[in-house]
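Notes for the one structure printed next.
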Amino acid sequence: MNTLNLNLINAHSEYLVWLSPNGKYLFKTDYDILYAVDFELDSNPYFTAYWFNLTNLEHQSSPGDPKIPQTVICIIEEFFRQNPDILLYMCSTEGGQQAQRARLFLRWFNGSEQNKYYVARSVEIHGEDSRKEYVAIIVQRSNPQLQNILAVFEKETTMFNELKPQP
């Protein structure tokens, strides 16, 4: 993965973003909640894709802070400027809030401005212990393989669900 340009991120981000020694992009909110963003290469055989990880390092409840999605979107936009790849995201199951996290994450990317540039889809999958989990994909609309990528994502998630026992 190509390194992200922090100057470009910080030129538009509501929160100051910096790179930690372990390669995570960090930002701290007005509520003193530290967030980490990192990207992990996926091992799928079809396309180059990265898992997007957003972690609340404080494990504290975060109020409806509009600066968080704005900062995260700046980081993701810079990811796509540097890497014409695919992002995958699995919502944390912490506190059983994964459905809400999936809806929130999609709301960030299906807004009018982001919707012009990205396709974001979320799929419910059957996780361990009959727990529902949510996986999302974000692809640039300009990607020449867009339809094929979305078809593979749908096929793979459908196959995964068919292999898991239903609750």
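Chain labels run A, B, ... following the order of the structure tokens; each chain numbers its residues from 1, and ligands are numbered from 1 in the order shown.
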Can you write out as CSV which residues of range 32-95 of chain A fall within 10 Å of range 5-26 of chain A, alongside each residue's closest atom pair and its distance in Å to one decimal, counting only C-alpha atoms and ordering rows by chain and ascending residue number?
```
residue,atom,partner,partner_atom,distance
A:Leu34,CA,A:Leu26,CA,7.0
A:Tyr35,CA,A:Leu26,CA,5.6
A:Ala36,CA,A:Leu26,CA,4.5
A:Val37,CA,A:Tyr25,CA,5.0
A:Asp38,CA,A:Lys24,CA,5.0
A:Phe39,CA,A:Lys24,CA,8.1
A:Asn53,CA,A:Lys24,CA,9.5
A:Leu54,CA,A:Tyr25,CA,9.5
A:Thr55,CA,A:Leu26,CA,9.5
A:Leu57,CA,A:Leu26,CA,9.6
A:Pro66,CA,A:Glu14,CA,9.1
A:Lys67,CA,A:Glu14,CA,5.5
A:Ile68,CA,A:Tyr15,CA,7.7
A:Pro69,CA,A:Glu14,CA,9.3
A:Gln70,CA,A:Ser13,CA,6.5
A:Thr71,CA,A:Ser13,CA,4.9
A:Val72,CA,A:Ser13,CA,8.2
A:Ile73,CA,A:Ser13,CA,8.4
A:Cys74,CA,A:Ile9,CA,5.6
A:Ile75,CA,A:Ile9,CA,6.0
A:Ile76,CA,A:Ile9,CA,9.1
A:Glu77,CA,A:Ile9,CA,8.4
A:Glu78,CA,A:Ile9,CA,6.5
A:Phe79,CA,A:Asn5,CA,8.8
A:Arg81,CA,A:Asn5,CA,9.3
A:Gln82,CA,A:Asn5,CA,8.3
```
With only C-alpha atoms as the counted atoms, please give the residues lying no more than 9 Å from Val139 in chain A, apart from itself and same-chain residues fewer than 4 positions off, as a PyMOL selection string.
chain A and resi 80+84-88+117-120+143+146+149-150
Using only C-alpha atoms, which protein or nucleic acid residues come within 7 Å of Ala136 in chain A? Drop anything in the same chain fewer than 5 positions from it, and give the result as an NGL selection string.
:A and (88-90 or 120-123)
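Residues lying within 10 Å of Glu162 in chain A, counting only C-alpha atoms and ignoring same-chain neighbours fewer than 6 positions away, are Ile125, His126 and Glu156 of chain A.
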I need the residues of chain A that end up classed as strand (DSSP E) by DSSP on the backbone, written out as a ChimeraX atom specification.
/A:17-19,25-28,34-41,49-56,86-90,118-126,132-140
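Remark: for Phe160 in chain A, the closest of the candidate residues A:Asp42, A:Val135, A:Leu106, A:Gln140 is A:Val135 (distances computed over only C-alpha atoms).
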Please identify the helix (DSSP H, G or I) residues within chain A (assignment by DSSP from backbone atoms) and present them as a count of residues only.
63
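Across the structure, CA of Met159 in chain A and CA of Gln100 in chain A are spaced 24.1 Å apart.
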